[in-house]
>>> print(open('run-v1.pdb').read())   # PDB, C-alpha atoms
MODEL        1
ATOM      1  CA  MET A   1       0.000   0.000   0.000
ATOM      2  CA  ARG A   2       0.947   3.668  -0.302
ATOM      3  CA  ILE A   3       1.251   5.678   2.889
ATOM      4  CA  VAL A   4       1.890   9.372   3.476
ATOM      5  CA  LEU A   5       3.334  10.227   6.879
ATOM      6  CA  ILE A   6       3.114  13.886   7.882
ATOM      7  CA  THR A   7       5.200  15.586  10.563
ATOM      8  CA  THR A   8       3.801  18.638  12.341
ATOM      9  CA  PRO A   9       5.396  21.705  13.975
ATOM     10  CA  THR A  10       6.561  21.402  17.561
ATOM     11  CA  ARG A  11       6.726  25.186  17.973
ATOM     12  CA  THR A  12       4.958  27.795  15.869
ATOM     13  CA  TYR A  13       7.793  30.332  15.802
ATOM     14  CA  MET A  14      10.549  28.221  14.219
ATOM     15  CA  PRO A  15      11.049  25.123  12.055
ATOM     16  CA  ASN A  16      12.051  21.924  13.841
ATOM     17  CA  THR A  17      15.815  21.390  13.990
ATOM     18  CA  VAL A  18      15.918  17.761  15.193
ATOM     19  CA  LEU A  19      15.127  14.746  13.017
ATOM     20  CA  PRO A  20      11.533  13.427  13.318
ATOM     21  CA  MET A  21      12.748  10.085  14.636
ATOM     22  CA  GLY A  22       9.362   8.477  15.271
ATOM     23  CA  VAL A  23       8.191   8.985  11.708
ATOM     24  CA  LEU A  24      11.557   7.836  10.340
ATOM     25  CA  TYR A  25      11.294   4.564  12.254
ATOM     26  CA  LEU A  26       7.717   4.044  11.034
ATOM     27  CA  ALA A  27       8.696   4.680   7.421
ATOM     28  CA  SER A  28      11.588   2.249   7.648
ATOM     29  CA  TYR A  29       9.502  -0.511   9.217
ATOM     30  CA  LEU A  30       6.648  -0.206   6.725
ATOM     31  CA  GLY A  31       9.104  -0.045   3.838
ATOM     32  CA  THR A  32      10.715  -3.336   4.825
ATOM     33  CA  HIS A  33       7.268  -4.926   4.652
ATOM     34  CA  GLY A  34       6.676  -3.915   1.054
ATOM     35  CA  HIS A  35       4.755  -0.691   1.533
ATOM     36  CA  SER A  36       5.582   2.575  -0.257
ATOM     37  CA  VAL A  37       6.054   5.499   2.132
ATOM     38  CA  LYS A  38       6.365   9.234   1.550
ATOM     39  CA  ILE A  39       7.171  11.654   4.373
ATOM     40  CA  ILE A  40       5.827  15.190   4.105
ATOM     41  CA  ASP A  41       7.991  16.972   6.643
ATOM     42  CA  ILE A  42       5.911  20.005   7.533
ATOM     43  CA  ALA A  43       7.811  20.275  10.819
ATOM     44  CA  ARG A  44      10.714  21.499   8.712
ATOM     45  CA  THR A  45       9.119  23.147   5.674
ATOM     46  CA  ARG A  46       6.200  24.918   7.419
ATOM     47  CA  GLN A  47       4.451  24.786   4.057
ATOM     48  CA  ASP A  48       0.857  25.891   3.522
ATOM     49  CA  GLU A  49      -2.036  23.458   3.231
ATOM     50  CA  ALA A  50      -2.342  23.929  -0.528
ATOM     51  CA  THR A  51       1.219  22.659  -0.985
ATOM     52  CA  THR A  52       0.497  19.685   1.256
ATOM     53  CA  LEU A  53      -2.677  18.837  -0.657
ATOM     54  CA  ALA A  54      -0.741  18.923  -3.909
ATOM     55  CA  GLU A  55       1.920  16.559  -2.553
ATOM     56  CA  VAL A  56      -0.670  14.161  -1.152
ATOM     57  CA  GLY A  57      -2.633  14.189  -4.397
ATOM     58  CA  GLU A  58       0.469  13.520  -6.465
ATOM     59  CA  PHE A  59       1.487  10.538  -4.316
ATOM     60  CA  ALA A  60      -2.097   9.171  -4.231
ATOM     61  CA  PRO A  61      -1.826   7.336  -0.896
ATOM     62  CA  ASP A  62      -4.121   4.687   0.529
ATOM     63  CA  VAL A  63      -3.573   6.045   4.050
ATOM     64  CA  ILE A  64      -2.550   9.392   5.549
ATOM     65  CA  GLY A  65      -0.736   9.289   8.884
ATOM     66  CA  ILE A  66      -0.150  12.378  11.016
ATOM     67  CA  SER A  67       2.259  12.560  13.950
ATOM     68  CA  GLY A  68       2.471  15.311  16.530
ATOM     69  CA  ILE A  69       2.661  16.432  20.136
ATOM     70  CA  ILE A  70       0.028  18.403  22.020
ATOM     71  CA  THR A  71       1.426  21.802  20.956
ATOM     72  CA  ALA A  72       0.435  20.879  17.389
ATOM     73  CA  TYR A  73      -3.212  20.193  18.259
ATOM     74  CA  LEU A  74      -4.721  23.180  16.426
ATOM     75  CA  PHE A  75      -2.398  22.602  13.471
ATOM     76  CA  VAL A  76      -3.411  18.933  13.271
ATOM     77  CA  ARG A  77      -7.064  19.890  13.587
ATOM     78  CA  SER A  78      -6.937  22.334  10.679
ATOM     79  CA  LEU A  79      -4.840  20.040   8.499
ATOM     80  CA  THR A  80      -7.022  16.996   9.147
ATOM     81  CA  LYS A  81     -10.210  18.818   8.246
ATOM     82  CA  THR A  82      -8.590  20.112   5.052
ATOM     83  CA  LEU A  83      -7.347  16.643   4.114
ATOM     84  CA  LYS A  84     -10.705  14.994   4.789
ATOM     85  CA  LYS A  85     -12.473  17.587   2.669
ATOM     86  CA  ALA A  86     -10.077  17.083  -0.232
ATOM     87  CA  PHE A  87      -9.684  13.298   0.112
ATOM     88  CA  PRO A  88     -12.798  12.036   1.933
ATOM     89  CA  ARG A  89     -12.175   8.384   1.065
ATOM     90  CA  ILE A  90      -8.593   8.237   2.347
ATOM     91  CA  PRO A  91      -8.451   7.298   6.043
ATOM     92  CA  VAL A  92      -6.497   9.639   8.301
ATOM     93  CA  ILE A  93      -4.753   8.043  11.290
ATOM     94  CA  VAL A  94      -3.110  10.115  14.025
ATOM     95  CA  GLY A  95      -0.403   9.031  16.472
ATOM     96  CA  GLY A  96       2.285  10.388  18.730
ATOM     97  CA  HIS A  97       2.217  12.235  22.039
ATOM     98  CA  ILE A  98      -0.839  14.193  20.894
ATOM     99  CA  THR A  99      -2.921  11.101  21.652
ATOM    100  CA  ILE A 100      -2.391  11.361  25.422
ATOM    101  CA  ASP A 101      -5.907  11.552  26.907
ATOM    102  CA  ASN A 102      -7.098  13.048  23.600
ATOM    103  CA  ILE A 103      -8.613  10.091  21.741
ATOM    104  CA  GLU A 104     -12.164  11.415  21.955
ATOM    105  CA  GLN A 105     -11.132  14.921  20.873
ATOM    106  CA  LEU A 106      -9.033  13.641  17.973
ATOM    107  CA  ILE A 107     -11.917  11.613  16.596
ATOM    108  CA  LEU A 108     -14.887  13.887  17.350
ATOM    109  CA  ASP A 109     -13.313  17.348  17.179
ATOM    110  CA  VAL A 110     -10.280  16.966  14.925
ATOM    111  CA  GLY A 111     -12.109  14.561  12.638
ATOM    112  CA  CYS A 112      -9.469  11.870  12.141
ATOM    113  CA  ASP A 113     -10.690   8.369  11.354
ATOM    114  CA  TYR A 114      -8.308   6.433  13.583
ATOM    115  CA  VAL A 115      -5.969   6.974  16.522
ATOM    116  CA  VAL A 116      -2.984   4.807  17.464
ATOM    117  CA  VAL A 117      -1.630   5.077  20.994
ATOM    118  CA  GLY A 118       1.960   4.191  21.868
ATOM    119  CA  TYR A 119       4.641   2.684  19.668
ATOM    120  CA  GLY A 120       3.064   2.549  16.235
ATOM    121  CA  GLU A 121       5.252   0.295  14.073
ATOM    122  CA  LYS A 122       3.386  -2.986  14.376
ATOM    123  CA  PRO A 123      -0.103  -1.537  15.006
ATOM    124  CA  LEU A 124       0.221   0.517  11.817
ATOM    125  CA  LEU A 125       1.336  -2.564   9.894
ATOM    126  CA  TYR A 126      -1.655  -4.475  11.291
ATOM    127  CA  PHE A 127      -3.882  -1.565  10.295
ATOM    128  CA  LEU A 128      -2.655  -1.814   6.713
ATOM    129  CA  ASP A 129      -3.397  -5.547   6.871
ATOM    130  CA  PHE A 130      -6.954  -4.624   7.864
ATOM    131  CA  LEU A 131      -7.313  -2.267   4.907
ATOM    132  CA  GLU A 132      -6.084  -5.047   2.634
ATOM    133  CA  GLY A 133      -8.679  -7.437   4.042
ATOM    134  CA  LYS A 134      -6.109  -9.618   5.812
ATOM    135  CA  ARG A 135      -7.159  -8.787   9.361
ATOM    136  CA  LYS A 136     -10.219  -7.595  11.276
ATOM    137  CA  ARG A 137     -10.254  -4.035  12.527
ATOM    138  CA  GLU A 138     -10.935  -5.308  16.040
ATOM    139  CA  ASP A 139      -7.663  -7.244  15.912
ATOM    140  CA  VAL A 140      -5.466  -4.146  15.500
ATOM    141  CA  PRO A 141      -4.077  -3.415  18.987
ATOM    142  CA  GLN A 142      -3.843   0.153  20.290
ATOM    143  CA  LEU A 143      -6.324   1.366  17.633
ATOM    144  CA  SER A 144      -9.304   3.629  18.380
ATOM    145  CA  TYR A 145     -12.119   4.554  15.992
ATOM    146  CA  LEU A 146     -15.780   5.478  15.746
ATOM    147  CA  LYS A 147     -18.339   2.680  15.335
ATOM    148  CA  ASP A 148     -22.105   3.246  15.419
ATOM    149  CA  GLY A 149     -21.590   6.576  17.161
ATOM    150  CA  ALA A 150     -19.383   5.152  19.897
ATOM    151  CA  ILE A 151     -15.610   5.308  20.257
ATOM    152  CA  MET A 152     -14.040   1.865  20.239
ATOM    153  CA  ARG A 153     -10.647   1.264  21.818
ATOM    154  CA  ASN A 154      -8.941  -1.985  20.901
ATOM    155  CA  GLU A 155      -7.152  -3.712  23.751
ATOM    156  CA  GLY A 156      -3.651  -5.113  23.647
ATOM    157  CA  HIS A 157      -0.180  -3.883  22.895
ATOM    158  CA  ILE A 158       2.377  -5.062  20.367
ATOM    159  CA  PHE A 159       5.991  -4.083  19.867
ATOM    160  CA  PHE A 160       9.395  -5.676  19.338
ATOM    161  CA  ASP A 161      10.377  -8.338  21.861
ATOM    162  CA  ASN A 162      14.002  -7.419  21.129
ATOM    163  CA  ILE A 163      14.353  -3.742  20.279
ATOM    164  CA  ASP A 164      17.526  -4.496  18.313
ATOM    165  CA  ASP A 165      15.159  -5.983  15.718
ATOM    166  CA  MET A 166      14.007  -2.442  14.880
ATOM    167  CA  GLN A 167      15.063  -1.240  11.451
ATOM    168  CA  PHE A 168      17.261   1.849  11.411
ATOM    169  CA  PRO A 169      15.447   5.117  10.606
ATOM    170  CA  ALA A 170      14.640   5.898   6.949
ATOM    171  CA  TYR A 171      17.048   8.826   6.770
ATOM    172  CA  ASP A 172      16.617   9.017   2.995
ATOM    173  CA  LYS A 173      12.988  10.124   3.381
ATOM    174  CA  VAL A 174      13.792  13.618   4.705
ATOM    175  CA  ASP A 175      16.200  16.449   3.920
ATOM    176  CA  MET A 176      19.190  15.172   5.869
ATOM    177  CA  GLN A 177      21.442  18.029   4.778
ATOM    178  CA  TYR A 178      19.051  20.451   6.471
ATOM    179  CA  TYR A 179      18.874  18.503   9.717
ATOM    180  CA  LEU A 180      22.610  17.843   9.876
ATOM    181  CA  THR A 181      23.317  21.577   9.698
ATOM    182  CA  ALA A 182      20.210  23.072  11.354
ATOM    183  CA  ILE A 183      22.163  23.531  14.600
ATOM    184  CA  PRO A 184      25.268  25.276  13.205
ATOM    185  CA  ASN A 185      27.337  25.810  16.331
ATOM    186  CA  ASN A 186      28.290  23.911  19.437
ATOM    187  CA  LEU A 187      28.245  26.750  21.950
ATOM    188  CA  LYS A 188      29.908  24.816  24.765
ATOM    189  CA  LEU A 189      32.729  23.723  22.474
ATOM    190  CA  ALA A 190      33.123  27.277  21.165
ATOM    191  CA  ILE A 191      33.462  28.647  24.708
ATOM    192  CA  TYR A 192      36.043  25.991  25.541
ATOM    193  CA  LEU A 193      38.118  26.548  22.396
ATOM    194  CA  ALA A 194      37.980  30.335  22.822
ATOM    195  CA  LYS A 195      40.246  29.946  25.829
ATOM    196  CA  THR A 196      42.973  28.722  23.476
ATOM    197  CA  GLY A 197      42.228  31.240  20.743
ATOM    198  CA  LYS A 198      40.649  28.648  18.471
ATOM    199  CA  LYS A 199      37.242  28.610  16.815
ATOM    200  CA  ALA A 200      34.802  25.724  16.819
ATOM    201  CA  PRO A 201      34.322  24.172  13.364
ATOM    202  CA  PRO A 202      30.836  24.151  11.769
ATOM    203  CA  MET A 203      28.835  21.440  13.481
ATOM    204  CA  ARG A 204      26.981  18.548  11.851
ATOM    205  CA  PHE A 205      24.471  17.055  14.241
ATOM    206  CA  ALA A 206      22.101  14.083  14.335
ATOM    207  CA  PRO A 207      20.551  12.251  17.290
ATOM    208  CA  VAL A 208      20.997   8.526  17.900
ATOM    209  CA  ILE A 209      18.418   6.707  20.010
ATOM    210  CA  GLY A 210      20.066   4.278  22.404
ATOM    211  CA  ALA A 211      17.068   3.371  24.546
ATOM    212  CA  LEU A 212      13.275   3.390  24.590
ATOM    213  CA  GLY A 213      10.891   4.161  27.408
ATOM    214  CA  CYS A 214      11.615   5.806  30.724
ATOM    215  CA  THR A 215      12.251   4.990  34.370
ATOM    216  CA  ASP A 216       9.701   7.589  35.495
ATOM    217  CA  ARG A 217       5.958   8.028  35.116
ATOM    218  CA  CYS A 218       5.289  11.771  34.795
ATOM    219  CA  ALA A 219       1.581  12.543  34.550
ATOM    220  CA  PHE A 220       1.993  14.658  31.400
ATOM    221  CA  CYS A 221       3.994  12.087  29.415
ATOM    222  CA  ILE A 222       3.156   9.236  27.059
ATOM    223  CA  HIS A 223       4.989   6.830  29.394
ATOM    224  CA  GLU A 224       2.383   7.444  32.092
ATOM    225  CA  PHE A 225      -0.407   6.900  29.568
ATOM    226  CA  GLU A 226       1.112   3.623  28.425
ATOM    227  CA  TYR A 227       3.959   2.633  30.737
ATOM    228  CA  ARG A 228       6.264  -0.002  29.212
ATOM    229  CA  GLY A 229       9.407   0.425  31.269
ATOM    230  CA  PHE A 230      12.916   1.193  30.072
ATOM    231  CA  ARG A 231      14.797  -0.844  27.465
ATOM    232  CA  VAL A 232      18.273  -0.328  26.036
ATOM    233  CA  HIS A 233      19.686  -1.089  22.599
ATOM    234  CA  SER A 234      22.890  -3.119  22.436
ATOM    235  CA  THR A 235      26.163  -1.262  21.902
ATOM    236  CA  GLY A 236      26.512  -2.959  18.499
ATOM    237  CA  TYR A 237      23.111  -1.666  17.365
ATOM    238  CA  VAL A 238      23.978   1.899  18.381
ATOM    239  CA  MET A 239      27.374   1.693  16.679
ATOM    240  CA  ARG A 240      25.819   0.481  13.410
ATOM    241  CA  ASN A 241      23.426   3.429  13.515
ATOM    242  CA  ILE A 242      26.351   5.825  14.042
ATOM    243  CA  GLU A 243      28.176   4.245  11.101
ATOM    244  CA  ILE A 244      25.142   4.781   8.867
ATOM    245  CA  LEU A 245      24.956   8.445   9.858
ATOM    246  CA  TYR A 246      28.697   8.883   9.385
TER     247      TYR A 246
ENDMDL
END
>>> encode(input="run-v1.pdb", output="structure tokens")
Amino acid sequence: MRIVLITTPTRTYMPNTVLPMGVLYLASYLGTHGHSVKIIDIARTRQDEATTLAEVGEFAPDVIGISGIITAYLFVRSLTKTLKKAFPRIPVIVGGHITIDNIEQLILDVGCDYVVVGYGEKPLLYFLDFLEGKRKREDVPQLSYLKDGAIMRNEGHIFFDNIDDMQFPAYDKVDMQYYLTAIPNNLKLAIYLAKTGKKAPPMRFAPVIGALGCTDRCAFCIHEFEYRGFRVHSTGYVMRNIEILY
């Protein structure tokens, strides 16, 4: 199937400067299972809705996925309504931190068709199986949707038993040159080198995820909403990721 994944702004006053890691992992996982994925990185481009509609229409997806945090709520609301008006037959599924205690609002107010809570790799793959007629909608864990006027919330949780089985992020799906140079200077290094009369070289920056989850359960965080503990990648996995970025 063909899937568009859309990133959304974290802050309204500036483009995002850090790679949208969640979406990159989703794109990589779906790609390895034979699906065609396009990322529309609005978090970086801050493009208008007309440009987004044109990109979606050109790609002709079977599914539109939107990821965001709570600060993007109004943005997601406007974009979803615009997408549903232009492409009423294409299901819109929303995930990310924006889903924390917001399932009802996302379905009834924002107007999305589906909500996925928590890690979305396998639930999204199961959801595509459902659209292809290979699985029942009720069998897609972590999925919420409207049925006969009532919001249904599927039970269960599915993720990788060994997180080293996760594919590395689909770095080729976004403008890596932008993200590698979006933070141009290492201020702490510059201050240190200034003591010796030297200047810090231009910085190239990219994050590497070495662990998933958290040891804490803050009330405002996704880990409180769906606590799964703290798990660490092996050193070899992290090193392979660094080699790819290098």
>>> residues_around(input="run-v1.pdb", residues="range 31-40 of chain A", least_positions_apart="5", cutoff="8 Å", atoms="only C-alpha atoms", output="PDB file with C-alpha atoms, in the coordinates of the input")
ATOM      1  CA  MET A   1       0.000   0.000   0.000  1.00  0.00           C
ATOM      2  CA  ARG A   2       0.947   3.668  -0.302  1.00  0.00           C
ATOM      3  CA  ILE A   3       1.251   5.678   2.889  1.00  0.00           C
ATOM      4  CA  VAL A   4       1.890   9.372   3.476  1.00  0.00           C
ATOM      5  CA  LEU A   5       3.334  10.227   6.879  1.00  0.00           C
ATOM      6  CA  ILE A   6       3.114  13.886   7.882  1.00  0.00           C
ATOM      7  CA  THR A   7       5.200  15.586  10.563  1.00  0.00           C
ATOM      8  CA  VAL A  23       8.191   8.985  11.708  1.00  0.00           C
ATOM      9  CA  THR A  52       0.497  19.685   1.256  1.00  0.00           C
ATOM     10  CA  GLU A  55       1.920  16.559  -2.553  1.00  0.00           C
ATOM     11  CA  PHE A  59       1.487  10.538  -4.316  1.00  0.00           C
ATOM     12  CA  LYS A 173      12.988  10.124   3.381  1.00  0.00           C
ATOM     13  CA  VAL A 174      13.792  13.618   4.705  1.00  0.00           C
TER      14      VAL A 174
END
>>> closest_residue(input="run-v1.pdb", among="A:Ala219, A:His233, A:Arg11, A:Ile209", to="Pro169 in chain A", atoms="all atoms listed in the file")
A:Ile209
>>> closest_residue(input="run-v1.pdb", among="A:Tyr192, A:Phe168, A:Tyr25, A:Phe205", to="Met239 in chain A", atoms="all atoms listed in the file")
A:Phe168
>>> atom_distance(input="run-v1.pdb", atom1="CA of Met176 in chain A", atom2="CA of Asp48 in chain A")
21.4 Å
>>> closest_residue(input="run-v1.pdb", among="A:Ile69, A:Ala200, A:Ile151, A:Ala194", to="Leu108 in chain A", atoms="all atoms listed in the file")
A:Ile151
